[in-house]
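Shown here: upload.cif, mmCIF, C-alpha atoms.
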```cif
data_structure
loop_
_atom_site.label_atom_id
_atom_site.label_comp_id
_atom_site.auth_asym_id
_atom_site.auth_seq_id
_atom_site.Cartn_x
_atom_site.Cartn_y
_atom_site.Cartn_z
CA MET A 8 -20.04 6.02 5.42
CA GLY A 9 -20.25 6.51 1.72
CA GLU A 10 -20.15 3.38 -0.31
CA GLY A 11 -19.90 2.49 -3.93
CA PHE A 12 -17.03 4.78 -4.81
CA VAL A 13 -16.74 4.40 -8.55
CA PRO A 14 -13.36 5.46 -9.86
CA ASN A 15 -13.45 7.13 -13.21
CA ASN A 16 -11.22 4.76 -15.08
CA PRO A 17 -10.35 6.23 -18.41
CA ASN A 18 -7.72 3.58 -19.12
CA PRO A 19 -9.31 0.47 -20.58
CA GLY A 20 -6.07 -1.52 -20.59
CA TRP A 21 -3.04 -2.17 -22.68
CA GLY A 22 -2.88 -2.72 -26.36
CA LEU A 23 -5.85 -0.56 -27.19
CA ASP A 24 -3.93 1.87 -29.25
CA ARG A 25 -6.25 2.44 -32.17
CA PRO A 26 -8.62 5.36 -32.05
CA ASN A 27 -12.33 4.61 -32.09
CA PRO A 28 -13.93 7.16 -34.41
CA PHE A 29 -17.33 6.45 -32.85
CA GLN A 30 -16.16 7.03 -29.35
CA PRO A 31 -15.36 10.64 -28.51
CA PRO A 32 -13.36 10.78 -25.31
CA THR A 33 -15.91 13.03 -23.67
CA ALA A 34 -18.80 10.64 -24.20
CA GLU A 35 -17.70 7.30 -22.86
CA HIS A 36 -21.04 5.56 -23.15
CA ARG A 37 -22.52 7.31 -26.10
CA TYR A 38 -22.22 4.31 -28.39
CA PRO A 39 -22.96 0.64 -27.64
CA PRO A 40 -19.97 -1.26 -26.25
CA ALA A 41 -20.12 -3.61 -29.26
CA TYR A 42 -18.50 -0.86 -31.33
CA ASP A 43 -15.41 -1.29 -29.23
CA LEU A 44 -14.81 -4.74 -30.67
CA PHE A 45 -13.92 -3.15 -33.98
CA PHE A 46 -12.78 0.24 -32.85
CA PRO A 47 -11.43 -0.03 -29.31
CA ARG A 48 -11.54 3.01 -27.12
CA ARG A 49 -8.29 4.84 -26.95
CA THR A 50 -6.64 6.66 -24.14
CA PRO A 51 -4.32 9.36 -25.44
CA SER A 52 -1.82 8.74 -22.69
CA CYS A 53 -1.90 6.25 -19.91
CA PRO A 54 -3.07 8.07 -16.82
CA ARG A 55 -1.22 7.30 -13.63
CA PRO A 56 -2.34 7.80 -10.08
CA GLY A 57 -2.03 11.45 -9.28
CA SER A 58 -1.62 12.47 -12.87
CA THR A 59 -4.33 15.10 -12.62
CA LEU A 60 -2.49 17.20 -10.05
CA GLN A 61 -2.32 20.78 -11.28
CA ILE A 62 1.10 22.28 -10.72
CA ASN A 63 1.80 25.88 -11.65
CA ARG A 64 5.16 27.08 -12.82
CA PRO A 65 6.85 29.20 -10.18
CA THR A 66 7.89 32.59 -11.51
CA THR A 67 11.48 31.78 -10.55
CA THR A 68 11.54 28.71 -12.80
CA PRO A 69 12.07 29.44 -16.50
CA TYR A 70 9.49 27.93 -18.83
CA GLU A 71 12.06 25.76 -20.65
CA GLU A 72 13.23 24.32 -17.38
CA PHE A 73 9.68 23.74 -16.13
CA VAL A 74 8.51 21.78 -19.15
CA GLY A 75 11.53 19.50 -18.88
CA LEU A 76 10.75 18.46 -15.32
CA THR A 77 9.35 15.06 -14.45
CA LYS A 78 6.15 14.82 -12.43
CA GLU A 79 8.17 13.94 -9.34
CA GLU A 80 10.34 17.01 -9.84
CA ARG A 81 7.29 19.19 -10.37
CA ARG A 82 5.75 17.96 -7.13
CA ALA A 83 8.90 19.14 -5.38
CA LEU A 84 8.54 22.70 -6.71
CA PRO A 85 8.07 25.41 -4.10
CA HIS A 86 4.59 26.65 -3.26
CA SER A 87 3.48 29.46 -0.98
CA ASN A 88 1.67 26.90 1.23
CA ASP A 89 4.78 24.81 1.93
CA MET A 90 5.39 24.23 5.64
CA LYS A 91 8.49 23.63 7.73
CA ILE A 92 9.12 21.38 10.70
CA ILE A 93 11.56 23.10 12.99
CA HIS A 94 12.10 21.07 16.13
CA GLU A 95 14.89 21.69 18.59
CA GLY A 96 17.84 19.35 18.12
CA ARG A 97 16.38 17.87 14.93
CA PRO A 98 17.08 18.53 11.27
CA ASP A 99 14.73 21.00 9.60
CA LEU A 100 12.19 19.31 7.36
CA GLU A 101 9.79 20.55 4.74
CA VAL A 102 6.25 19.44 3.99
CA GLY A 103 5.57 20.44 0.40
CA PHE A 104 2.10 21.40 -0.72
CA TYR A 105 2.15 19.64 -4.07
CA GLN A 106 3.46 16.37 -2.66
CA SER A 107 0.91 16.54 0.15
CA LYS A 108 -1.94 17.12 -2.25
CA PHE A 109 -0.71 14.18 -4.27
CA LYS A 110 -0.72 11.95 -1.18
CA VAL A 111 -3.82 13.13 0.65
CA GLY A 112 -6.26 11.02 -1.37
CA ASP A 113 -4.98 7.69 -0.11
CA HIS A 114 -3.40 8.78 3.16
CA GLY A 115 -5.55 11.58 4.53
CA ALA A 116 -7.55 9.18 6.71
CA VAL A 117 -4.57 8.35 8.94
CA HIS A 118 -4.35 12.06 9.75
CA ASP A 119 -7.99 12.15 10.85
CA LEU A 120 -9.27 13.82 7.72
CA TYR A 121 -12.74 13.06 6.47
CA TYR A 122 -12.76 9.98 4.27
CA THR A 123 -15.11 7.59 2.56
CA VAL A 124 -14.71 3.84 2.70
CA LYS A 125 -14.59 2.24 -0.69
CA ALA A 126 -16.10 -1.12 -1.54
CA ASN A 127 -12.62 -2.65 -1.42
CA GLY A 128 -12.09 -1.47 2.16
CA GLY A 129 -9.69 1.33 1.27
CA THR A 130 -10.20 4.92 2.24
CA LYS A 131 -10.49 7.98 0.06
CA THR A 132 -10.08 11.59 1.05
CA GLU A 133 -10.94 14.30 -1.41
CA LYS A 134 -7.83 15.80 -3.00
CA THR A 135 -8.60 19.40 -2.23
CA ASP A 136 -6.24 22.21 -1.26
CA ASP A 137 -7.97 22.40 2.09
CA ASN A 138 -7.45 18.71 2.83
CA ALA A 139 -3.84 18.90 1.71
CA LEU A 140 -3.29 21.77 4.14
CA LYS A 141 -4.99 19.89 6.98
CA MET A 142 -2.79 16.86 6.40
CA MET A 143 0.29 19.10 6.25
CA ARG A 144 -0.62 20.67 9.60
CA SER A 145 -1.10 17.24 11.11
CA ILE A 146 2.34 16.15 9.88
CA VAL A 147 3.97 19.36 11.09
CA ASP A 148 2.41 18.77 14.49
CA MET A 149 3.57 15.14 14.74
CA PRO A 150 6.74 15.92 16.76
CA ASN A 151 4.54 17.45 19.45
CA ARG A 152 2.47 14.32 19.99
CA ASP A 153 2.87 12.25 23.14
CA ASN A 154 4.83 9.23 21.99
CA VAL A 155 6.82 10.05 18.92
CA ARG A 156 10.13 8.60 17.82
CA TRP A 157 12.48 10.16 15.28
CA PHE A 158 14.58 7.94 13.03
CA GLU A 159 17.20 10.33 11.71
CA ASP A 160 19.31 7.58 10.13
CA GLY A 161 16.45 5.68 8.60
CA THR A 162 15.92 4.28 5.15
CA TYR A 163 12.93 4.04 2.87
CA GLN A 164 12.64 0.84 0.85
CA GLY A 165 16.15 0.00 1.96
CA GLY A 166 17.83 -2.89 0.16
CA THR A 167 16.10 -2.06 -3.11
CA ASP A 168 17.40 -0.13 -6.08
CA ARG A 169 14.97 2.66 -5.31
CA GLY A 170 15.80 2.90 -1.62
CA PHE A 171 17.11 6.10 -0.08
CA GLU A 172 18.29 7.47 3.23
CA ALA A 173 15.38 8.90 5.11
CA ILE A 174 14.27 10.66 8.23
CA HIS A 175 11.14 9.22 9.75
CA ILE A 176 8.85 10.77 12.29
CA TYR A 177 6.83 7.95 13.83
CA ASP A 178 3.79 8.16 16.06
CA LEU A 179 4.18 5.05 18.23
CA ASP A 180 0.57 5.09 19.42
CA LYS A 181 -1.15 5.48 16.09
CA LYS A 182 1.60 3.66 14.15
CA VAL A 183 1.59 6.51 11.64
CA ILE A 184 4.82 7.38 9.87
CA ALA A 185 5.91 10.48 7.96
CA VAL A 186 8.84 9.84 5.63
CA PHE A 187 11.29 12.55 4.54
CA LYS A 188 14.17 12.29 2.11
CA LYS A 189 17.31 12.88 4.11
CA SER A 190 19.24 14.55 1.29
CA THR A 191 16.60 17.25 0.77
CA GLY A 192 14.57 17.19 3.99
CA LYS A 193 11.42 17.03 1.89
CA PHE A 194 8.26 15.10 2.73
CA VAL A 195 7.80 11.93 0.72
CA THR A 196 4.90 9.93 2.11
CA THR A 197 2.85 9.02 5.14
CA CYS A 198 0.82 5.97 6.14
CA GLU A 199 -0.16 3.66 8.96
CA LEU A 200 2.19 0.72 9.42
CA THR A 201 1.31 -2.93 9.76
CA ALA A 202 2.63 -4.89 12.77
CA LYS A 203 5.49 -6.28 10.73
CA GLU A 204 6.47 -2.88 9.35
CA ASP A 205 6.26 -1.39 12.83
CA ALA A 206 8.65 -4.02 14.20
CA GLU A 207 11.10 -3.61 11.32
CA LEU A 208 11.12 0.15 11.64
CA LYS A 209 11.84 -0.02 15.37
CA ALA A 210 14.60 -2.58 14.86
CA THR A 211 16.33 -1.23 11.76
CA GLY A 212 14.99 2.25 10.95
CA ASN A 213 13.83 0.99 7.58
CA PHE A 214 10.34 1.20 6.20
CA GLY A 215 9.28 -0.94 3.27
CA GLY A 216 10.66 -3.14 0.55
CA GLY A 217 13.69 -5.32 0.50
CA LYS A 218 12.13 -8.75 0.94
CA GLY A 219 12.72 -9.57 -2.72
CA TRP A 220 9.20 -10.63 -3.65
CA PHE A 221 9.11 -8.34 -6.69
CA SER A 222 11.67 -7.89 -9.45
CA GLY A 223 11.12 -4.14 -9.51
CA GLN A 224 12.65 -3.85 -6.06
CA VAL A 225 15.63 -6.17 -6.24
CA LYS A 226 19.10 -4.73 -6.52
CA ASN A 227 21.31 -6.04 -9.33
CA LEU A 228 18.84 -8.64 -10.46
CA PRO A 229 20.23 -10.83 -13.25
CA PRO A 230 18.42 -10.04 -16.51
CA GLN A 231 17.00 -13.55 -16.96
CA GLN A 232 14.94 -13.16 -13.83
CA THR A 233 13.18 -10.13 -15.17
CA ALA A 234 12.78 -11.33 -18.74
CA VAL A 235 9.26 -10.98 -19.99
CA ASN A 236 7.71 -13.77 -21.93
CA LYS A 237 4.15 -14.82 -22.10
CA PHE A 238 2.65 -14.66 -18.67
CA GLU A 239 0.58 -17.82 -18.98
CA SER A 240 3.47 -19.95 -20.19
CA ASP A 241 5.74 -18.60 -17.48
CA VAL A 242 3.23 -19.51 -14.88
CA THR A 243 2.43 -22.91 -16.25
CA GLY A 244 6.14 -23.55 -16.69
CA ILE A 245 6.66 -23.41 -12.96
CA THR A 246 3.82 -24.72 -10.92
CA PRO A 247 0.48 -24.39 -12.57
CA ILE A 248 -2.04 -23.35 -10.06
CA SER A 249 -4.85 -22.02 -12.10
CA PRO A 250 -5.74 -21.38 -15.69
CA MET A 251 -5.65 -17.68 -16.43
CA ASP A 252 -9.17 -17.39 -17.63
CA GLU A 253 -12.13 -15.43 -16.56
CA ASN A 254 -13.65 -18.10 -14.37
CA SER A 255 -10.45 -19.18 -12.74
CA SER A 256 -10.07 -19.72 -9.07
CA PRO A 257 -6.71 -19.47 -7.38
CA GLY A 258 -6.43 -23.25 -7.27
CA PHE A 259 -5.19 -23.56 -3.72
CA THR A 260 -7.02 -23.91 -0.47
CA PRO A 261 -9.83 -21.41 -0.50
CA THR A 262 -10.28 -18.94 2.28
CA SER A 263 -11.37 -20.66 5.42
CA SER A 264 -14.14 -19.33 7.51
CA PHE A 265 -11.81 -17.55 9.92
CA GLU A 266 -12.98 -14.08 9.06
CA SER A 267 -16.65 -14.88 8.87
CA ASP A 268 -16.54 -17.07 11.97
CA VAL A 269 -14.29 -14.99 14.13
CA MET A 270 -14.32 -11.49 12.82
CA GLY A 271 -17.78 -11.33 11.33
CA ILE A 272 -16.33 -10.26 8.01
CA THR A 273 -17.43 -11.80 4.76
CA PRO A 274 -14.60 -12.13 2.28
CA ILE A 275 -15.28 -10.26 -0.91
CA ASP A 276 -16.07 -12.13 -4.08
CA ASN A 277 -14.79 -11.77 -7.62
CA SER A 278 -17.43 -9.36 -8.72
CA GLN A 279 -16.33 -6.94 -6.01
CA LEU A 280 -12.75 -7.24 -7.14
CA ASP A 281 -13.78 -6.44 -10.66
CA ASN A 282 -15.99 -3.53 -9.69
CA PRO A 283 -14.73 -1.79 -6.57
CA MET B 7 8.44 -18.27 18.19
CA THR B 8 5.66 -20.25 19.81
CA TYR B 9 2.44 -18.34 19.98
CA ASN B 10 1.22 -17.95 23.55
CA GLN B 11 -2.26 -16.49 23.61
CA LYS B 12 -2.29 -15.91 27.35
CA ARG B 13 0.94 -13.92 27.17
CA HIS B 14 -0.28 -12.04 24.09
CA ILE B 15 -3.38 -10.91 25.95
CA GLU B 16 -1.28 -9.93 28.97
CA LEU B 17 1.00 -7.75 26.83
CA LEU B 18 -1.90 -6.21 24.93
CA LYS B 19 -3.51 -5.21 28.22
CA ARG B 20 -0.23 -3.80 29.48
CA SER B 21 0.22 -1.81 26.29
CA GLN B 22 -3.34 -0.51 26.56
CA ASP B 23 -2.87 0.48 30.21
CA LEU B 24 0.22 2.47 29.30
CA LYS B 25 -1.63 4.11 26.42
CA ASN B 26 -4.31 5.21 28.86
CA GLN B 27 -1.55 6.89 30.89
CA LYS B 28 -0.24 8.54 27.69
CA LYS B 29 2.78 6.26 27.75
CA ASN B 30 4.00 3.71 25.25
CA LEU B 31 5.34 0.20 25.72
CA PHE B 32 8.21 0.72 23.26
CA ILE B 33 9.50 3.62 25.33
CA GLU B 34 8.84 1.95 28.68
CA ASN B 35 10.08 -1.55 27.95
CA GLN B 36 11.53 -2.42 24.55
CA GLU B 37 11.88 -6.11 25.38
CA GLU B 38 8.20 -6.47 26.09
CA ASP B 39 7.33 -4.36 23.07
CA PHE B 40 9.41 -6.67 20.91
CA GLU B 41 7.64 -9.69 22.38
CA LEU B 42 4.25 -8.11 21.73
CA SER B 43 5.29 -7.33 18.16
CA GLU B 44 6.11 -10.99 17.58
CA TYR B 45 2.60 -12.02 18.63
CA ASN B 46 0.98 -9.22 16.65
CA ILE B 47 2.93 -10.24 13.56
CA ALA B 48 1.86 -13.86 14.01
CA VAL B 49 -1.80 -12.75 14.04
CA GLU B 50 -1.29 -10.42 11.10
CA GLU B 51 0.40 -13.09 9.00
CA HIS B 52 -2.35 -15.54 9.87
CA ILE B 53 -5.03 -13.11 8.71
CA PHE B 54 -3.13 -12.32 5.51
CA TRP B 55 -2.76 -16.04 4.90
CA GLN B 56 -6.54 -16.37 5.12
CA ASP B 57 -6.80 -13.70 2.42
CA ARG B 58 -4.30 -15.31 0.07
CA ASP B 59 -6.83 -16.42 -2.54
CA GLN B 60 -8.19 -12.90 -2.75
CA VAL B 61 -4.65 -11.56 -3.25
CA ALA B 62 -3.98 -14.16 -5.94
CA LEU B 63 -7.21 -13.33 -7.75
CA LEU B 64 -6.39 -9.65 -7.68
CA MET B 65 -2.95 -10.25 -9.18
CA GLU B 66 -4.45 -12.57 -11.78
CA ASP B 67 -6.94 -9.92 -12.78
CA PHE B 68 -4.16 -7.43 -13.25
CA LEU B 69 -1.87 -9.82 -15.09
CA ASN B 70 -4.73 -10.89 -17.35
CA LYS B 71 -5.29 -7.18 -18.01
CA LYS B 72 -8.82 -7.17 -16.67
CA ILE B 73 -7.89 -4.22 -14.50
CA ASP B 74 -5.27 -1.53 -15.03
CA GLY B 75 -2.41 -0.56 -12.77
CA GLU B 76 -4.26 2.27 -11.12
CA LEU B 77 -7.22 0.15 -10.13
CA PHE B 78 -4.91 -2.66 -9.07
CA CYS B 79 -3.03 -0.37 -6.70
CA ASP B 80 -6.29 0.95 -5.35
CA GLN B 81 -7.33 -2.61 -4.51
CA VAL B 82 -3.96 -3.27 -2.86
CA TYR B 83 -4.43 -0.22 -0.63
CA GLY B 84 -7.85 -1.60 0.24
CA LEU B 85 -6.41 -5.00 1.15
CA ARG B 86 -3.83 -3.37 3.36
CA ARG B 87 -6.42 -1.24 5.12
CA LYS B 88 -8.63 -4.28 5.61
CA LEU B 89 -5.72 -6.24 7.07
CA ILE B 90 -4.88 -3.48 9.56
CA ASN B 91 -8.54 -3.15 10.59
CA THR B 92 -9.04 -6.89 10.95
CA CYS B 93 -5.93 -7.16 13.14
CA GLU B 94 -7.18 -4.35 15.35
CA LYS B 95 -10.55 -6.05 15.76
CA PHE B 96 -8.86 -9.31 16.53
CA LYS B 97 -6.76 -7.69 19.26
CA LEU B 98 -9.88 -6.19 20.79
CA GLU B 99 -11.46 -9.64 20.79
CA LEU B 100 -8.36 -10.98 22.52
CA ILE B 101 -8.47 -8.31 25.20
CA SER B 102 -12.14 -8.95 25.83
CA SER B 103 -11.34 -12.68 26.14
CA SER B 104 -13.87 -13.53 23.50
CA GLU B 105 -14.97 -17.15 23.42
CA LYS B 106 -14.81 -17.01 19.63
CA ILE B 107 -11.03 -16.91 19.61
CA LYS B 108 -10.35 -19.08 22.58
CA ASP B 109 -7.36 -21.32 21.90
CA PHE B 110 -6.43 -19.45 18.74
CA GLN B 111 -3.23 -20.62 17.09
CA PRO B 112 -1.82 -18.98 13.98
CA ASP B 113 -1.55 -21.18 10.92
CA GLY B 114 2.06 -22.36 10.71
CA ARG B 115 2.05 -21.92 6.93
CA SER B 116 1.33 -18.21 7.17
CA LYS B 117 5.06 -17.41 7.54
CA LYS B 118 5.47 -18.38 3.88
CA LEU B 119 4.01 -15.06 2.77
CA SER B 120 5.83 -12.94 5.33
CA GLY B 121 6.48 -9.44 4.02
CA PHE B 122 4.56 -9.96 0.79
CA LEU B 123 1.93 -7.30 1.33
CA THR B 124 4.48 -4.67 2.34
CA ASP B 125 6.48 -5.31 -0.82
CA LEU B 126 3.31 -5.22 -2.90
CA TYR B 127 2.28 -1.96 -1.29
CA CYS B 128 5.72 -0.46 -2.00
CA GLU B 129 5.43 -1.52 -5.63
CA CYS B 130 2.15 0.35 -5.89
CA GLU B 131 3.51 3.40 -4.10
CA TYR B 132 6.43 3.52 -6.49
CA PHE B 133 4.18 3.01 -9.50
CA ALA B 134 2.10 5.97 -8.40
CA GLU B 135 5.16 8.10 -7.61
CA ALA B 136 7.76 7.53 -10.26
CA GLU B 137 7.38 8.55 -13.83
CA ASP B 138 10.19 6.27 -14.98
CA TYR B 139 8.42 3.22 -13.59
CA GLN B 140 6.39 2.45 -16.68
CA ASN B 141 3.44 0.12 -16.99
CA GLU B 142 5.55 -2.61 -18.59
CA LYS B 143 8.11 -2.60 -15.79
CA PHE B 144 5.38 -2.60 -13.20
CA TYR B 145 3.62 -5.46 -14.96
CA ASP B 146 6.85 -7.50 -15.07
CA SER B 147 7.47 -6.89 -11.41
CA ILE B 148 3.96 -7.95 -10.39
CA LYS B 149 4.27 -11.00 -12.59
CA ASN B 150 7.54 -11.88 -10.91
CA GLY B 151 5.92 -11.36 -7.53
CA PHE B 152 2.99 -13.56 -8.49
CA LEU B 153 5.35 -16.37 -9.46
CA ASN B 154 7.17 -16.03 -6.16
CA PHE B 155 3.81 -15.99 -4.39
CA GLN B 156 2.84 -19.26 -6.07
CA LYS B 157 6.20 -20.83 -5.34
CA ALA B 158 5.86 -19.92 -1.69
CA LEU B 159 2.42 -21.48 -1.51
CA ASN B 160 3.64 -24.67 -3.11
CA LYS B 161 6.64 -24.97 -0.82
CA GLU B 162 6.30 -27.66 1.81
#
```

Would you put the structure from the file into structure tokens?
Amino acid sequence: MGEGFVPNNPNPGWGLDRPNPFQPPTAEHRYPPAYDLFFPRRTPSCPRPGSTLQINRPTTTPYEEFVGLTKEERRALPHSNDMKIIHEGRPDLEVGFYQSKFKVGDHGAVHDLYYTVKANGGTKTEKTDDNALKMMRSIVDMPNRDNVRWFEDGTYQGGTDRGFEAIHIYDLDKKVIAVFKKSTGKFVTTCELTAKEDAELKATGNFGGGKGWFSGQVKNLPPQQTAVNKFESDVTGITPISPMDENSSPGFTPTSSFESDVMGITPIDNSQLDNP
Amino acid sequence: MTYNQKRHIELLKRSQDLKNQKKNLFIENQEEDFELSEYNIAVEEHIFWQDRDQVALLMEDFLNKKIDGELFCDQVYGLRRKLINTCEKFKLELISSSEKIKDFQPDGRSKKLSGFLTDLYCECEYFAEAEDYQNEKFYDSIKNGFLNFQKALNKE
């Protein structure tokens, strides 16, 4: 397996909003890093996962309309490679090419596509048209697998302000789900579920969210709970566990030897976290 | 739920037998499938509990702006993949009655972080998906999650 996947990370962080005249964007390491102290590198816009996806304007969509679309809306635009799932007695669903290409990088492996294992344990499949099409075919074929369950009245991230009604196709053997938005029938995402997610899906038809760990997911959260102050003072104001400095440790019981003793896995260290 | 290793192994073997016959325990016997799920979840939560310092460090790195949102999410996907793989290996060890995990009992404290990784994963999925979910909002949400994570760890 390939190792040492080095993501090209053009975003150095927040707050670096001044241009560095010595640092052309096309030559990241042309000048010594010390220059960045005085003239930090600048990213013209903050890149997001999937931001490089090339989406062409369909001839049926006027230019003015196209430029006003969000990235999510653009990924939902029709493409000649779009596929349909037509299964007797089930609602028709659509697996869009753009959305699939957007998702294939992180989720292609669960559809048996070629992948590399990154240093952090994650998988990466190349975001090519061919791989997107292979993943689409795999999803379209899911209803024909041996032990598949449909959840026609499901939800995705139910109980959160971003939740929506969904149709799930779930491979019980592989624990692989394909999520479709019920209102449009369009493919949203696919992944392999953990044991807890598997149990929740079977019991409630919901996949993901709703446990209230994160403020971004909670419905009708009072404003004071989301107020942003200084991170360090917020943390220390509650139960200080560790100083937020470079050499900090989490401050609670360190990982026991369970993985190394039982599973033969060595937990990763800080340097690996910093440089996946 | 009291973890019963003997019963867990029994159900895992039954599930595997059915799989070999192209059947599935959930379809054949939902009660047993539910029982198996409970044991699988106990193992999964135990393993995640063992990884809690790694999760905390990752969130600290993001909150201290040592890594950006994209890299953070990438690491979260890696953690999730690692958790799924480790659980699978553990179940294989159980089925093979490995001496190494004889008398295994999940750590009772591991319930404290129940559902955390799924919520974290969903945060990252949404961050990647939604244009209106800006860096600041994402940062606030992870910060909030980190505080809840710490509170849970400190709870008796």

For the structure provided, state which residues fall under the PyMOL selection byres ((chain B) within 6 of (chain A)), and present them as a ChimeraX atom specification.
/B:47,56,59,74,76,83-84,87-88,106,125,134,147,150-151

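Of the residues under consideration (A:Asn213, A:Thr162, A:Thr197, A:Thr191), A:Thr191 shows the shortest atom-to-atom contact distance to Asp99 (chain A) when counting only C-alpha atoms.
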
Result set of the PyMOL selection byres ((chain B and resi 75) around 9) on the coordinates above, as number ranges by chain
A: 20, 55-56; B: 68, 71, 73-74, 76-80, 130, 133, 141, 144-145

Can you write just those residues out, C-alpha atoms, as a PDB file, in the frame of the given file?
```pdb
ATOM      1  CA  GLY A  20      -6.070  -1.520 -20.590  1.00  0.00           C
ATOM      2  CA  ARG A  55      -1.220   7.300 -13.630  1.00  0.00           C
ATOM      3  CA  PRO A  56      -2.340   7.800 -10.080  1.00  0.00           C
TER       4      PRO A  56
ATOM      5  CA  PHE B  68      -4.160  -7.430 -13.250  1.00  0.00           C
ATOM      6  CA  LYS B  71      -5.290  -7.180 -18.010  1.00  0.00           C
ATOM      7  CA  ILE B  73      -7.890  -4.220 -14.500  1.00  0.00           C
ATOM      8  CA  ASP B  74      -5.270  -1.530 -15.030  1.00  0.00           C
ATOM      9  CA  GLU B  76      -4.260   2.270 -11.120  1.00  0.00           C
ATOM     10  CA  LEU B  77      -7.220   0.150 -10.130  1.00  0.00           C
ATOM     11  CA  PHE B  78      -4.910  -2.660  -9.070  1.00  0.00           C
ATOM     12  CA  CYS B  79      -3.030  -0.370  -6.700  1.00  0.00           C
ATOM     13  CA  ASP B  80      -6.290   0.950  -5.350  1.00  0.00           C
ATOM     14  CA  CYS B 130       2.150   0.350  -5.890  1.00  0.00           C
ATOM     15  CA  PHE B 133       4.180   3.010  -9.500  1.00  0.00           C
ATOM     16  CA  ASN B 141       3.440   0.120 -16.990  1.00  0.00           C
ATOM     17  CA  PHE B 144       5.380  -2.600 -13.200  1.00  0.00           C
ATOM     18  CA  TYR B 145       3.620  -5.460 -14.960  1.00  0.00           C
TER      19      TYR B 145
END
```

Using all atoms listed in the file, which of the listed residues (B:Tyr139, B:Tyr132, B:Tyr45, B:Phe155) sits closest to Phe96 (chain B)?
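The answer is B:Tyr45, which sits nearest to Phe96 (chain B).
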
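Our summary of the geometry notes that CA of Ile53 (chain B) is positioned 20.9 Å from CA of Val183 (chain A).
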
If you measure from CA of Gln27 (chain B) to CA of Ile184 (chain A), what distance in Å do you get, rounded to one decimal?
22.0 Å

With N, CA and C atoms as the target, complete region 153-165 of chain A and hand it back as a short mmCIF file (atom, residue, chain, number, x, y, z; two decimals), keeping the file's coordinate frame.
```cif
data_model
loop_
_atom_site.label_atom_id
_atom_site.label_comp_id
_atom_site.auth_asym_id
_atom_site.auth_seq_id
_atom_site.Cartn_x
_atom_site.Cartn_y
_atom_site.Cartn_z
N ASP A 153 2.35 12.86 21.91
CA ASP A 153 2.87 12.25 23.14
C ASP A 153 4.02 11.26 22.94
N ASN A 154 3.81 10.27 22.12
CA ASN A 154 4.83 9.23 21.99
C ASN A 154 5.31 9.15 20.55
N VAL A 155 6.30 9.97 20.28
CA VAL A 155 6.82 10.05 18.92
C VAL A 155 8.30 9.70 18.93
N ARG A 156 8.72 8.95 17.94
CA ARG A 156 10.13 8.60 17.82
C ARG A 156 10.66 9.09 16.47
N TRP A 157 11.83 9.74 16.52
CA TRP A 157 12.48 10.16 15.28
C TRP A 157 13.48 9.08 14.86
N PHE A 158 13.54 8.81 13.58
CA PHE A 158 14.58 7.94 13.03
C PHE A 158 15.38 8.80 12.04
N GLU A 159 16.44 9.39 12.56
CA GLU A 159 17.20 10.33 11.71
C GLU A 159 18.13 9.62 10.74
N ASP A 160 18.46 8.36 11.04
CA ASP A 160 19.31 7.58 10.13
C ASP A 160 18.52 6.43 9.54
N GLY A 161 17.31 6.73 9.14
CA GLY A 161 16.45 5.68 8.60
C GLY A 161 16.66 5.47 7.11
N THR A 162 15.93 4.52 6.60
CA THR A 162 15.92 4.28 5.15
C THR A 162 14.48 4.05 4.71
N TYR A 163 14.24 4.32 3.45
CA TYR A 163 12.93 4.04 2.87
C TYR A 163 13.15 3.06 1.73
N GLN A 164 12.46 1.93 1.80
CA GLN A 164 12.64 0.84 0.85
C GLN A 164 14.12 0.44 0.75
N GLY A 165 14.74 0.38 1.91
CA GLY A 165 16.15 0.00 1.96
C GLY A 165 16.37 -1.38 1.38
#
```
